[in-house]
file final18.cif (mmCIF, C-alpha atoms and all ligand atoms; chains and numbers go by the auth columns)
data_model
loop_
_atom_site.group_PDB
_atom_site.id
_atom_site.type_symbol
_atom_site.label_atom_id
_atom_site.label_comp_id
_atom_site.label_asym_id
_atom_site.label_seq_id
_atom_site.Cartn_x
_atom_site.Cartn_y
_atom_site.Cartn_z
_atom_site.B_iso_or_equiv
_atom_site.auth_seq_id
_atom_site.auth_asym_id
ATOM 1 C CA MET A 1 54.108 20.005 -50.356 0.00 29 T
ATOM 2 C CA ASN A 2 55.106 17.338 -52.877 0.00 30 T
ATOM 3 C CA LYS A 3 52.596 14.964 -54.450 0.00 31 T
ATOM 4 C CA ILE A 4 53.546 11.975 -52.272 0.00 32 T
ATOM 5 C CA LYS A 5 52.948 13.944 -49.047 0.00 33 T
ATOM 6 C CA VAL A 6 49.543 15.129 -50.297 0.00 34 T
ATOM 7 C CA LEU A 7 48.613 11.558 -51.209 0.00 35 T
ATOM 8 C CA LEU A 8 49.667 10.282 -47.753 0.00 36 T
ATOM 9 C CA LEU A 9 47.645 13.023 -46.072 0.00 37 T
ATOM 10 C CA ILE A 10 44.525 12.132 -48.076 0.00 38 T
ATOM 11 C CA LEU A 11 44.983 8.410 -47.316 0.00 39 T
ATOM 12 C CA SER A 12 45.423 8.994 -43.582 0.00 40 T
ATOM 13 C CA ASN A 13 42.261 11.130 -43.507 0.00 41 T
ATOM 14 C CA ILE A 14 40.303 8.425 -45.336 0.00 42 T
ATOM 15 C CA SER A 15 41.513 5.739 -42.908 0.00 43 T
ATOM 16 C CA PHE A 16 40.594 8.034 -39.953 0.00 44 T
ATOM 17 C CA CYS A 17 37.017 8.319 -41.299 0.00 45 T
ATOM 18 C CA TYR A 18 36.685 4.550 -41.615 0.00 46 T
ATOM 19 C CA GLU A 19 38.297 3.680 -38.256 0.00 47 T
ATOM 20 C CA ARG A 20 35.848 1.546 -36.238 0.00 48 T
ATOM 21 C CA GLU A 21 37.258 2.316 -32.799 0.00 49 T
ATOM 22 C CA ILE A 22 37.721 5.929 -31.791 0.00 50 T
ATOM 23 C CA LEU A 23 39.761 6.549 -28.662 0.00 51 T
ATOM 24 C CA LEU A 24 38.155 9.216 -26.502 0.00 52 T
ATOM 25 C CA PRO A 25 40.161 12.128 -25.136 0.00 53 T
ATOM 26 C CA GLU A 26 41.474 11.819 -21.573 0.00 54 T
ATOM 27 C CA ILE A 27 39.313 13.676 -19.030 0.00 55 T
ATOM 28 C CA ASP A 28 40.141 15.513 -15.825 0.00 56 T
ATOM 29 C CA LYS A 29 38.488 13.632 -12.948 0.00 57 T
ATOM 30 C CA ASN A 30 39.479 16.145 -10.283 0.00 58 T
ATOM 31 C CA GLY A 31 36.326 18.240 -10.507 0.00 59 T
ATOM 32 C CA PHE A 32 33.736 18.010 -7.714 0.00 60 T
ATOM 33 C CA LEU A 33 31.194 15.876 -9.612 0.00 61 T
ATOM 34 C CA GLU A 34 33.830 13.799 -11.371 0.00 62 T
ATOM 35 C CA LYS A 35 35.367 12.835 -7.993 0.00 63 T
ATOM 36 C CA ILE A 36 31.976 11.818 -6.582 0.00 64 T
ATOM 37 C CA ILE A 37 31.192 9.667 -9.626 0.00 65 T
ATOM 38 C CA GLN A 38 34.694 8.180 -9.633 0.00 66 T
ATOM 39 C CA ASN A 39 34.525 7.291 -5.919 0.00 67 T
ATOM 40 C CA ARG A 40 30.968 5.902 -5.798 0.00 68 T
ATOM 41 C CA ARG A 41 31.072 2.283 -4.661 0.00 69 T
ATOM 42 C CA SER A 42 28.552 -0.054 -3.056 0.00 70 T
ATOM 43 C CA ILE A 43 29.227 -0.034 0.701 0.00 71 T
ATOM 44 C CA ARG A 44 27.677 -2.831 2.747 0.00 72 T
ATOM 45 C CA ASP A 45 29.391 -2.484 6.133 0.00 73 T
ATOM 46 C CA TYR A 46 28.349 0.309 8.489 0.00 74 T
ATOM 47 C CA SER A 47 29.515 1.490 11.899 0.00 75 T
ATOM 48 C CA ASP A 48 27.164 1.904 14.893 0.00 76 T
ATOM 49 C CA LYS A 49 27.180 5.685 14.508 0.00 77 T
ATOM 50 C CA PRO A 50 23.698 7.093 13.856 0.00 78 T
ATOM 51 C CA ILE A 51 23.095 9.266 10.817 0.00 79 T
ATOM 52 C CA SER A 52 21.801 12.779 11.388 0.00 80 T
ATOM 53 C CA LEU A 53 18.387 14.078 10.393 0.00 81 T
ATOM 54 C CA LYS A 54 20.162 16.668 8.233 0.00 82 T
ATOM 55 C CA GLU A 55 22.035 13.942 6.338 0.00 83 T
ATOM 56 C CA LEU A 56 18.734 12.143 5.763 0.00 84 T
ATOM 57 C CA SER A 57 17.204 15.401 4.559 0.00 85 T
ATOM 58 C CA TYR A 58 19.986 15.856 1.955 0.00 86 T
ATOM 59 C CA ILE A 59 19.524 12.265 0.745 0.00 87 T
ATOM 60 C CA LEU A 60 15.741 12.597 0.408 0.00 88 T
ATOM 61 C CA TRP A 61 16.120 15.899 -1.420 0.00 89 T
ATOM 62 C CA ALA A 62 18.502 14.221 -3.885 0.00 90 T
ATOM 63 C CA ALA A 63 15.983 11.396 -4.330 0.00 91 T
ATOM 64 C CA GLN A 64 12.793 13.370 -4.940 0.00 92 T
ATOM 65 C CA GLY A 65 13.291 17.004 -3.933 0.00 93 T
ATOM 66 C CA ILE A 66 11.293 19.661 -5.751 0.00 94 T
ATOM 67 C CA THR A 67 13.544 21.970 -7.727 0.00 95 T
ATOM 68 C CA SER A 68 11.204 24.269 -9.671 0.00 96 T
ATOM 69 C CA LYS A 69 8.076 26.278 -9.066 0.00 97 T
ATOM 70 C CA GLU A 70 6.261 24.018 -11.572 0.00 98 T
ATOM 71 C CA GLY A 71 6.963 21.060 -9.288 0.00 99 T
ATOM 72 C CA PHE A 72 9.726 19.386 -11.288 0.00 100 T
ATOM 73 C CA ARG A 73 12.079 17.278 -9.196 0.00 101 T
ATOM 74 C CA THR A 74 15.750 16.341 -8.784 0.00 102 T
ATOM 75 C CA THR A 75 15.239 13.223 -10.947 0.00 103 T
ATOM 76 C CA PRO A 76 13.637 13.018 -14.395 0.00 104 T
ATOM 77 C CA SER A 77 10.134 11.555 -14.734 0.00 105 T
ATOM 78 C CA ALA A 78 8.301 10.346 -17.860 0.00 106 T
ATOM 79 C CA GLY A 79 5.548 12.897 -18.454 0.00 107 T
ATOM 80 C CA ALA A 80 6.409 14.408 -15.046 0.00 108 T
ATOM 81 C CA LEU A 81 3.959 11.924 -13.504 0.00 109 T
ATOM 82 C CA TYR A 82 6.189 11.108 -10.520 0.00 110 T
ATOM 83 C CA PRO A 83 5.310 7.504 -9.655 0.00 111 T
ATOM 84 C CA VAL A 84 8.036 7.165 -6.992 0.00 112 T
ATOM 85 C CA GLU A 85 7.167 6.961 -3.292 0.00 113 T
ATOM 86 C CA ILE A 86 9.934 6.900 -0.698 0.00 114 T
ATOM 87 C CA TYR A 87 9.757 5.114 2.641 0.00 115 T
ATOM 88 C CA ILE A 88 12.393 5.244 5.366 0.00 116 T
ATOM 89 C CA VAL A 89 12.965 2.565 7.958 0.00 117 T
ATOM 90 C CA VAL A 90 14.631 4.299 10.881 0.00 118 T
ATOM 91 C CA ASN A 91 16.885 2.368 13.215 0.00 119 T
ATOM 92 C CA LYS A 92 19.386 4.973 14.423 0.00 120 T
ATOM 93 C CA VAL A 93 18.732 8.476 13.133 0.00 121 T
ATOM 94 C CA GLU A 94 19.350 11.426 15.466 0.00 122 T
ATOM 95 C CA LYS A 95 16.146 13.221 16.539 0.00 123 T
ATOM 96 C CA LEU A 96 13.928 10.527 14.988 0.00 124 T
ATOM 97 C CA GLU A 97 12.052 7.799 16.766 0.00 125 T
ATOM 98 C CA THR A 98 12.671 4.265 15.470 0.00 126 T
ATOM 99 C CA GLY A 99 10.004 3.277 12.979 0.00 127 T
ATOM 100 C CA ILE A 100 8.636 3.656 9.465 0.00 128 T
ATOM 101 C CA TYR A 101 8.275 7.029 7.743 0.00 129 T
ATOM 102 C CA LYS A 102 7.121 8.248 4.326 0.00 130 T
ATOM 103 C CA PHE A 103 8.728 11.233 2.587 0.00 131 T
ATOM 104 C CA ASN A 104 6.496 14.088 1.450 0.00 132 T
ATOM 105 C CA PRO A 105 8.510 16.051 -1.157 0.00 133 T
ATOM 106 C CA GLN A 106 6.017 18.951 -1.320 0.00 134 T
ATOM 107 C CA LYS A 107 6.102 19.642 2.412 0.00 135 T
ATOM 108 C CA LYS A 108 9.727 18.481 2.842 0.00 136 T
ATOM 109 C CA SER A 109 8.472 16.372 5.722 0.00 137 T
ATOM 110 C CA LEU A 110 8.311 12.829 7.032 0.00 138 T
ATOM 111 C CA LEU A 111 4.996 11.214 7.785 0.00 139 T
ATOM 112 C CA LYS A 112 5.330 8.810 10.710 0.00 140 T
ATOM 113 C CA ILE A 113 3.595 5.555 9.783 0.00 141 T
ATOM 114 C CA SER A 114 4.585 3.437 12.750 0.00 142 T
ATOM 115 C CA THR A 115 7.075 3.301 15.603 0.00 143 T
ATOM 116 C CA LYS A 116 7.657 -0.433 15.247 0.00 144 T
ATOM 117 C CA ASN A 117 11.278 -1.528 14.907 0.00 145 T
ATOM 118 C CA ILE A 118 11.103 -3.709 11.788 0.00 146 T
ATOM 119 C CA ILE A 119 14.830 -3.917 10.958 0.00 147 T
ATOM 120 C CA THR A 120 15.049 -7.643 11.770 0.00 148 T
ATOM 121 C CA ASN A 121 11.934 -8.356 9.707 0.00 149 T
ATOM 122 C CA ILE A 122 13.327 -6.382 6.759 0.00 150 T
ATOM 123 C CA TYR A 123 16.600 -8.321 7.122 0.00 151 T
ATOM 124 C CA GLU A 124 14.665 -11.603 6.899 0.00 152 T
ATOM 125 C CA ALA A 125 12.644 -10.393 3.892 0.00 153 T
ATOM 126 C CA ALA A 126 15.852 -9.273 2.166 0.00 154 T
ATOM 127 C CA LEU A 127 17.392 -12.747 2.295 0.00 155 T
ATOM 128 C CA ARG A 128 19.332 -11.990 5.502 0.00 156 T
ATOM 129 C CA GLN A 129 21.776 -9.600 3.858 0.00 157 T
ATOM 130 C CA ASP A 130 24.095 -8.176 6.538 0.00 158 T
ATOM 131 C CA CYS A 131 23.996 -4.668 5.086 0.00 159 T
ATOM 132 C CA ILE A 132 20.343 -4.435 6.155 0.00 160 T
ATOM 133 C CA ILE A 133 20.708 -5.433 9.800 0.00 161 T
ATOM 134 C CA LYS A 134 23.637 -3.026 10.372 0.00 162 T
ATOM 135 C CA ALA A 135 22.087 0.045 8.747 0.00 163 T
ATOM 136 C CA PRO A 136 20.998 3.059 10.823 0.00 164 T
ATOM 137 C CA ALA A 137 18.393 3.752 8.106 0.00 165 T
ATOM 138 C CA ILE A 138 16.993 1.995 5.066 0.00 166 T
ATOM 139 C CA ILE A 139 15.451 3.892 2.204 0.00 167 T
ATOM 140 C CA ALA A 140 12.809 1.919 0.328 0.00 168 T
ATOM 141 C CA ILE A 141 12.050 3.190 -3.163 0.00 169 T
ATOM 142 C CA GLY A 142 8.553 2.209 -4.163 0.00 170 T
ATOM 143 C CA ALA A 143 6.409 3.117 -7.147 0.00 171 T
ATOM 144 C CA VAL A 144 2.811 3.438 -8.268 0.00 172 T
ATOM 145 C CA PHE A 145 2.895 1.917 -11.767 0.00 173 T
ATOM 146 C CA ASP A 146 -0.707 2.984 -12.571 0.00 174 T
ATOM 147 C CA ARG A 147 0.289 6.637 -12.520 0.00 175 T
ATOM 148 C CA VAL A 148 2.467 6.034 -15.591 0.00 176 T
ATOM 149 C CA THR A 149 0.741 3.117 -17.360 0.00 177 T
ATOM 150 C CA ALA A 150 -2.522 5.113 -17.372 0.00 178 T
ATOM 151 C CA LYS A 151 -0.836 7.459 -19.856 0.00 179 T
ATOM 152 C CA TYR A 152 1.795 5.305 -21.571 0.00 180 T
ATOM 153 C CA GLY A 153 0.262 1.814 -21.460 0.00 181 T
ATOM 154 C CA ALA A 154 2.590 -1.151 -20.945 0.00 182 T
ATOM 155 C CA ARG A 155 5.624 1.018 -21.738 0.00 183 T
ATOM 156 C CA GLY A 156 4.862 2.932 -18.549 0.00 184 T
ATOM 157 C CA THR A 157 6.173 -0.070 -16.600 0.00 185 T
ATOM 158 C CA ASN A 158 9.621 0.358 -18.199 0.00 186 T
ATOM 159 C CA TYR A 159 9.479 4.103 -17.601 0.00 187 T
ATOM 160 C CA THR A 160 8.755 3.539 -13.915 0.00 188 T
ATOM 161 C CA TYR A 161 11.681 1.148 -13.457 0.00 189 T
ATOM 162 C CA ILE A 162 13.950 3.592 -15.309 0.00 190 T
ATOM 163 C CA GLU A 163 12.822 6.386 -12.997 0.00 191 T
ATOM 164 C CA VAL A 164 13.494 4.309 -9.894 0.00 192 T
ATOM 165 C CA GLY A 165 17.022 3.714 -11.250 0.00 193 T
ATOM 166 C CA CYS A 166 17.518 7.475 -11.634 0.00 194 T
ATOM 167 C CA VAL A 167 16.392 8.007 -8.033 0.00 195 T
ATOM 168 C CA ALA A 168 18.721 5.284 -6.760 0.00 196 T
ATOM 169 C CA GLN A 169 21.716 6.819 -8.535 0.00 197 T
ATOM 170 C CA ASN A 170 20.925 10.269 -7.129 0.00 198 T
ATOM 171 C CA ILE A 171 20.801 8.734 -3.647 0.00 199 T
ATOM 172 C CA HIS A 172 24.094 6.919 -4.289 0.00 200 T
ATOM 173 C CA LEU A 173 25.828 10.140 -5.358 0.00 201 T
ATOM 174 C CA MET A 174 24.484 12.194 -2.451 0.00 202 T
ATOM 175 C CA VAL A 175 25.523 9.456 -0.009 0.00 203 T
ATOM 176 C CA GLU A 176 29.029 9.563 -1.500 0.00 204 T
ATOM 177 C CA ASN A 177 29.000 13.345 -1.166 0.00 205 T
ATOM 178 C CA LEU A 178 28.142 13.013 2.549 0.00 206 T
ATOM 179 C CA ASN A 179 30.901 10.425 3.015 0.00 207 T
ATOM 180 C CA LEU A 180 28.317 7.821 4.018 0.00 208 T
ATOM 181 C CA GLY A 181 27.764 4.421 2.423 0.00 209 T
ATOM 182 C CA THR A 182 24.919 2.654 0.649 0.00 210 T
ATOM 183 C CA VAL A 183 24.135 -0.188 -1.749 0.00 211 T
ATOM 184 C CA VAL A 184 21.241 -0.900 -4.083 0.00 212 T
ATOM 185 C CA VAL A 185 19.450 -3.996 -2.767 0.00 213 T
ATOM 186 C CA GLY A 186 17.124 -5.652 -5.240 0.00 214 T
ATOM 187 C CA ALA A 187 17.025 -9.103 -3.669 0.00 215 T
ATOM 188 C CA PHE A 188 13.990 -9.278 -1.380 0.00 216 T
ATOM 189 C CA TYR A 189 10.470 -10.694 -1.164 0.00 217 T
ATOM 190 C CA ASP A 190 8.220 -7.952 -2.556 0.00 218 T
ATOM 191 C CA THR A 191 5.059 -9.032 -0.749 0.00 219 T
ATOM 192 C CA GLU A 192 6.842 -9.205 2.601 0.00 220 T
ATOM 193 C CA ILE A 193 8.511 -5.806 2.235 0.00 221 T
ATOM 194 C CA LYS A 194 5.260 -4.199 1.092 0.00 222 T
ATOM 195 C CA LYS A 195 3.448 -5.579 4.142 0.00 223 T
ATOM 196 C CA LEU A 196 6.219 -4.596 6.571 0.00 224 T
ATOM 197 C CA LEU A 197 6.364 -1.019 5.275 0.00 225 T
ATOM 198 C CA GLU A 198 2.569 -0.748 5.435 0.00 226 T
ATOM 199 C CA MET A 199 2.569 0.463 1.835 0.00 227 T
ATOM 200 C CA GLN A 200 -0.607 1.495 0.029 0.00 228 T
ATOM 201 C CA LYS A 201 -2.369 -1.138 -2.109 0.00 229 T
ATOM 202 C CA ASN A 202 -1.198 0.450 -5.398 0.00 230 T
ATOM 203 C CA GLU A 203 2.471 0.803 -4.293 0.00 231 T
ATOM 204 C CA THR A 204 5.241 -1.707 -5.114 0.00 232 T
ATOM 205 C CA PRO A 205 8.648 -1.785 -3.405 0.00 233 T
ATOM 206 C CA ILE A 206 11.464 -1.860 -5.974 0.00 234 T
ATOM 207 C CA ILE A 207 14.776 -1.013 -4.304 0.00 235 T
ATOM 208 C CA LEU A 208 16.061 -0.961 -0.727 0.00 236 T
ATOM 209 C CA MET A 209 19.062 1.216 0.101 0.00 237 T
ATOM 210 C CA PRO A 210 20.592 0.787 3.567 0.00 238 T
ATOM 211 C CA ILE A 211 22.459 3.953 4.609 0.00 239 T
ATOM 212 C CA GLY A 212 25.181 4.289 7.214 0.00 240 T
ATOM 213 C CA HIS A 213 28.636 5.520 8.115 0.00 241 T
ATOM 214 C CA ARG A 214 31.175 3.432 6.264 0.00 242 T
ATOM 215 C CA LYS A 215 33.406 1.337 8.499 0.00 243 T
ATOM 216 C CA THR A 216 36.412 1.690 6.246 0.00 244 T
ATOM 217 C CA LYS A 217 37.182 3.850 3.289 0.00 245 T
HETATM 218 C C1 LIG B . 19.318 -3.812 -9.755 0.00 301 T
HETATM 219 C C2 LIG B . 20.416 -4.063 -8.763 0.00 301 T
HETATM 220 C C3 LIG B . 20.206 -4.958 -7.728 0.00 301 T
HETATM 221 C C4 LIG B . 21.206 -5.171 -6.774 0.00 301 T
HETATM 222 N N1 LIG B . 20.945 -5.982 -5.709 0.00 301 T
HETATM 223 C C5 LIG B . 21.873 -6.152 -4.755 0.00 301 T
HETATM 224 C C6 LIG B . 21.588 -6.920 -3.598 0.00 301 T
HETATM 225 O O1 LIG B . 20.500 -7.443 -3.410 0.00 301 T
HETATM 226 N N2 LIG B . 22.565 -7.033 -2.662 0.00 301 T
HETATM 227 C C7 LIG B . 23.789 -6.432 -2.800 0.00 301 T
HETATM 228 O O2 LIG B . 24.618 -6.574 -1.902 0.00 301 T
HETATM 229 N N3 LIG B . 24.106 -5.691 -3.890 0.00 301 T
HETATM 230 C C8 LIG B . 23.167 -5.526 -4.867 0.00 301 T
HETATM 231 N N4 LIG B . 23.429 -4.718 -5.944 0.00 301 T
HETATM 232 C C9 LIG B . 24.722 -3.986 -6.007 0.00 301 T
HETATM 233 C C10 LIG B . 25.694 -4.637 -6.967 0.00 301 T
HETATM 234 O O3 LIG B . 26.154 -5.860 -6.431 0.00 301 T
HETATM 235 C C11 LIG B . 26.883 -3.673 -7.206 0.00 301 T
HETATM 236 O O4 LIG B . 26.403 -2.489 -7.782 0.00 301 T
HETATM 237 C C12 LIG B . 27.948 -4.305 -8.106 0.00 301 T
HETATM 238 O O5 LIG B . 28.625 -5.335 -7.431 0.00 301 T
HETATM 239 C C13 LIG B . 28.965 -3.294 -8.608 0.00 301 T
HETATM 240 O O6 LIG B . 29.670 -2.708 -7.524 0.00 301 T
HETATM 241 P P1 LIG B . 29.668 -1.122 -7.269 0.00 301 T
HETATM 242 O O7 LIG B . 28.252 -0.683 -7.057 0.00 301 T
HETATM 243 O O8 LIG B . 30.536 -0.918 -6.053 0.00 301 T
HETATM 244 O O9 LIG B . 30.258 -0.474 -8.484 0.00 301 T
HETATM 245 C C14 LIG B . 22.448 -4.505 -6.900 0.00 301 T
HETATM 246 C C15 LIG B . 22.648 -3.588 -7.941 0.00 301 T
HETATM 247 C C16 LIG B . 21.641 -3.361 -8.854 0.00 301 T
HETATM 248 C C17 LIG B . 21.866 -2.344 -9.942 0.00 301 T
#
call {"tool": "encode", "arguments": {"input": "final18.cif", "output": "structure tokens"}}
result
Amino acid sequence: MNKIKVLLLILSNISFCYEREILLPEIDKNGFLEKIIQNRRSIRDYSDKPISLKELSYILWAAQGITSKEGFRTTPSAGALYPVEIYIVVNKVEKLETGIYKFNPQKKSLLKISTKNIITNIYEAALRQDCIIKAPAIIAIGAVFDRVTAKYGARGTNYTYIEVGCVAQNIHLMVENLNLGTVVVGAFYDTEIKKLLEMQKNETPIILMPIGHRKTK
């Protein structure tokens, strides 16, 4: 190699090291997980078709299922304190009476809280968003902040919101996997939703996720 070529090679390497923008390699998005992530979209329009209890079971497992003998779950949790509590408002779910239920991850069960049909009330409390009134089921992600702030102080509030976000994304991806639709709904009156769901005093509703069969895809 002559001296000029060596010099050019050194210069190009130096400029590569100092480049401020590095283009990332192309990726193959045809894998199972890549396709689910690529296709995830907020879906707000649902058909009348009920969802099945099995579909609900998959979604709740993705949200807060227990995946180890130590009790760790499908979503990460600061200090493994698990502040998230999941409620389900049932409108049209096969084999389930209309009403309000709470998920028990340990027993993989639903605790029936009430058989009231509160869909219209939830719709009102969520600023009359159409996605709520049409949904066969609405998952409400709530949290007990004290469980985390007791250990981490004020920072525990951030940790709890972060954890709720992780749960919501797991739900989103499982819903996509089941070819159903959902959307994260953050616009609602907290006090109203808490009262309607008959939540415990120390629980705060953070996200609503209506679930249903997508009308179009
Ligand atoms: C914290 C948060 C709150 C949201 N609240 C609402 C809401 O109240 N109503 C709604 O229709 N969409 C809501 N969304 C969904 C966003 O509008 C949606 O994610 C965004 O338009 C991007 O579209 P995509 O999810 O299809 O990628 C919310 C999303 C987040 C993360």
call {"tool": "residues_near_ligand", "arguments": {"input": "final18.cif", "ligand": "ligand LIG 301 (chain T)", "cutoff": "9 Å", "atoms": "only C-alpha atoms and all ligand atoms", "output": "number ranges by chain"}}
result
T: 68-72, 154-155, 157-159, 193, 196, 211-216, 234-236
call {"tool": "axis_aligned_box", "arguments": {"input": "final18.cif", "around": "range 52-66 of chain T", "padding_each_side": "3 Å", "output": "JSON"}}
result
{"center_x": 36.3, "center_y": 13.2, "center_z": -16.5, "size_x": 16.3, "size_y": 16.1, "size_z": 25.9}
call {"tool": "resolve_selection", "arguments": {"input": "final18.cif", "expression": "the PyMOL selection byres (((chain T and resi 176-189) around 12) and not hetatm)", "output": "JSON, numbers by chain"}}
result
{"T": [104, 105, 106, 107, 108, 109, 110, 111, 112, 113, 169, 170, 171, 172, 173, 174, 175, 190, 191, 192, 193, 194, 195, 196, 214, 231, 232, 233, 234, 235]}
call {"tool": "residues_around", "arguments": {"input": "final18.cif", "residues": "range 81-88 of chain T", "least_positions_apart": "3", "cutoff": "7 Å", "atoms": "all atoms listed in the file", "output": "short mmCIF file (atom, residue, chain, number, x, y, z; two decimals) with C-alpha atoms, keeping the file's coordinate frame"}}
result
data_model
loop_
_atom_site.label_atom_id
_atom_site.label_comp_id
_atom_site.auth_asym_id
_atom_site.auth_seq_id
_atom_site.Cartn_x
_atom_site.Cartn_y
_atom_site.Cartn_z
CA ALA T 91 15.98 11.40 -4.33
CA GLN T 92 12.79 13.37 -4.94
CA GLY T 93 13.29 17.00 -3.93
CA VAL T 121 18.73 8.48 13.13
CA GLU T 122 19.35 11.43 15.47
CA LYS T 123 16.15 13.22 16.54
CA ILE T 199 20.80 8.73 -3.65
CA MET T 202 24.48 12.19 -2.45
CA VAL T 203 25.52 9.46 -0.01
#
call {"tool": "atom_distance", "arguments": {"input": "final18.cif", "atom1": "CA of Gln197 in chain T", "atom2": "CA of Thr102 in chain T"}}
result
11.2 Å
call {"tool": "closest_residue", "arguments": {"input": "final18.cif", "among": "T:Leu224, T:Glu98, T:Glu152, T:Glu54", "to": "Tyr129 in chain T", "atoms": "only C-alpha atoms"}}
result
T:Leu224
call {"tool": "residues_near_point", "arguments": {"input": "final18.cif", "point": "(5.4, -1.9, 5.8)", "cutoff": "12 Å", "atoms": "only C-alpha atoms", "output": "number ranges by chain"}}
result
T: 114-117, 127-130, 140-147, 149-150, 153, 168, 170, 218-229, 231-233
call {"tool": "atom_distance", "arguments": {"input": "final18.cif", "atom1": "CA of Pro238 in chain T", "atom2": "CA of Glu204 in chain T"}}
result
13.2 Å
call {"tool": "residues_around", "arguments": {"input": "final18.cif", "residues": "His241 in chain T", "least_positions_apart": "6", "cutoff": "7 Å", "atoms": "all atoms listed in the file", "output": "count of residues only"}}
result
5
call {"tool": "atom_distance", "arguments": {"input": "final18.cif", "atom1": "CA of Asn207 in chain T", "atom2": "CA of Lys243 in chain T"}}
result
10.9 Å
call {"tool": "residues_around", "arguments": {"input": "final18.cif", "residues": "Lys63 in chain T", "least_positions_apart": "6", "cutoff": "12 Å", "atoms": "only C-alpha atoms", "output": "list in words"}}
result
Ile55, Asp56, Lys57, Arg69, Leu201, Glu204 and Asn205 of chain T
call {"tool": "build_atoms", "arguments": {"input": "final18.cif", "residues": "range 94-106 of chain T", "atoms": "N, CA, C and O atoms", "output": "PDB file, in the coordinates of the input"}}
result
ATOM      1  N   ILE T  94      11.919  18.807  -4.734  1.00  0.00           N
ATOM      2  CA  ILE T  94      11.293  19.661  -5.751  1.00  0.00           C
ATOM      3  C   ILE T  94      12.218  20.835  -6.044  1.00  0.00           C
ATOM      4  O   ILE T  94      12.679  21.517  -5.129  1.00  0.00           O
ATOM      5  N   THR T  95      12.499  21.012  -7.345  1.00  0.00           N
ATOM      6  CA  THR T  95      13.544  21.970  -7.727  1.00  0.00           C
ATOM      7  C   THR T  95      13.047  23.074  -8.661  1.00  0.00           C
ATOM      8  O   THR T  95      13.843  23.818  -9.220  1.00  0.00           O
ATOM      9  N   SER T  96      11.717  23.160  -8.849  1.00  0.00           N
ATOM     10  CA  SER T  96      11.204  24.269  -9.671  1.00  0.00           C
ATOM     11  C   SER T  96       9.813  24.633  -9.185  1.00  0.00           C
ATOM     12  O   SER T  96       9.142  23.824  -8.539  1.00  0.00           O
ATOM     13  N   LYS T  97       9.401  25.845  -9.548  1.00  0.00           N
ATOM     14  CA  LYS T  97       8.076  26.278  -9.066  1.00  0.00           C
ATOM     15  C   LYS T  97       6.954  25.491  -9.738  1.00  0.00           C
ATOM     16  O   LYS T  97       5.855  25.373  -9.212  1.00  0.00           O
ATOM     17  N   GLU T  98       7.271  24.858 -10.896  1.00  0.00           N
ATOM     18  CA  GLU T  98       6.261  24.018 -11.572  1.00  0.00           C
ATOM     19  C   GLU T  98       6.118  22.662 -10.886  1.00  0.00           C
ATOM     20  O   GLU T  98       5.214  21.900 -11.208  1.00  0.00           O
ATOM     21  N   GLY T  99       7.045  22.346  -9.998  1.00  0.00           N
ATOM     22  CA  GLY T  99       6.963  21.060  -9.288  1.00  0.00           C
ATOM     23  C   GLY T  99       7.889  19.997  -9.835  1.00  0.00           C
ATOM     24  O   GLY T  99       7.811  18.833  -9.425  1.00  0.00           O
ATOM     25  N   PHE T 100       8.762  20.365 -10.784  1.00  0.00           N
ATOM     26  CA  PHE T 100       9.726  19.386 -11.288  1.00  0.00           C
ATOM     27  C   PHE T 100      10.688  19.006 -10.149  1.00  0.00           C
ATOM     28  O   PHE T 100      10.867  19.766  -9.200  1.00  0.00           O
ATOM     29  N   ARG T 101      11.287  17.824 -10.308  1.00  0.00           N
ATOM     30  CA  ARG T 101      12.079  17.278  -9.196  1.00  0.00           C
ATOM     31  C   ARG T 101      13.546  17.041  -9.564  1.00  0.00           C
ATOM     32  O   ARG T 101      13.928  17.213 -10.717  1.00  0.00           O
ATOM     33  N   THR T 102      14.314  16.578  -8.587  1.00  0.00           N
ATOM     34  CA  THR T 102      15.750  16.341  -8.784  1.00  0.00           C
ATOM     35  C   THR T 102      16.031  15.212  -9.784  1.00  0.00           C
ATOM     36  O   THR T 102      17.120  15.130 -10.333  1.00  0.00           O
ATOM     37  N   THR T 103      15.043  14.319  -9.982  1.00  0.00           N
ATOM     38  CA  THR T 103      15.239  13.223 -10.947  1.00  0.00           C
ATOM     39  C   THR T 103      14.211  13.347 -12.062  1.00  0.00           C
ATOM     40  O   THR T 103      13.088  13.806 -11.829  1.00  0.00           O
ATOM     41  N   PRO T 104      14.585  12.919 -13.279  1.00  0.00           N
ATOM     42  CA  PRO T 104      13.637  13.018 -14.395  1.00  0.00           C
ATOM     43  C   PRO T 104      12.454  12.058 -14.213  1.00  0.00           C
ATOM     44  O   PRO T 104      12.571  11.060 -13.497  1.00  0.00           O
ATOM     45  N   SER T 105      11.337  12.397 -14.862  1.00  0.00           N
ATOM     46  CA  SER T 105      10.134  11.555 -14.734  1.00  0.00           C
ATOM     47  C   SER T 105       9.361  11.588 -16.045  1.00  0.00           C
ATOM     48  O   SER T 105       9.058  12.682 -16.556  1.00  0.00           O
ATOM     49  N   ALA T 106       9.041  10.414 -16.589  1.00  0.00           N
ATOM     50  CA  ALA T 106       8.301  10.346 -17.860  1.00  0.00           C
ATOM     51  C   ALA T 106       6.976  11.083 -17.711  1.00  0.00           C
ATOM     52  O   ALA T 106       6.161  10.732 -16.851  1.00  0.00           O
TER      53      ALA T 106
END
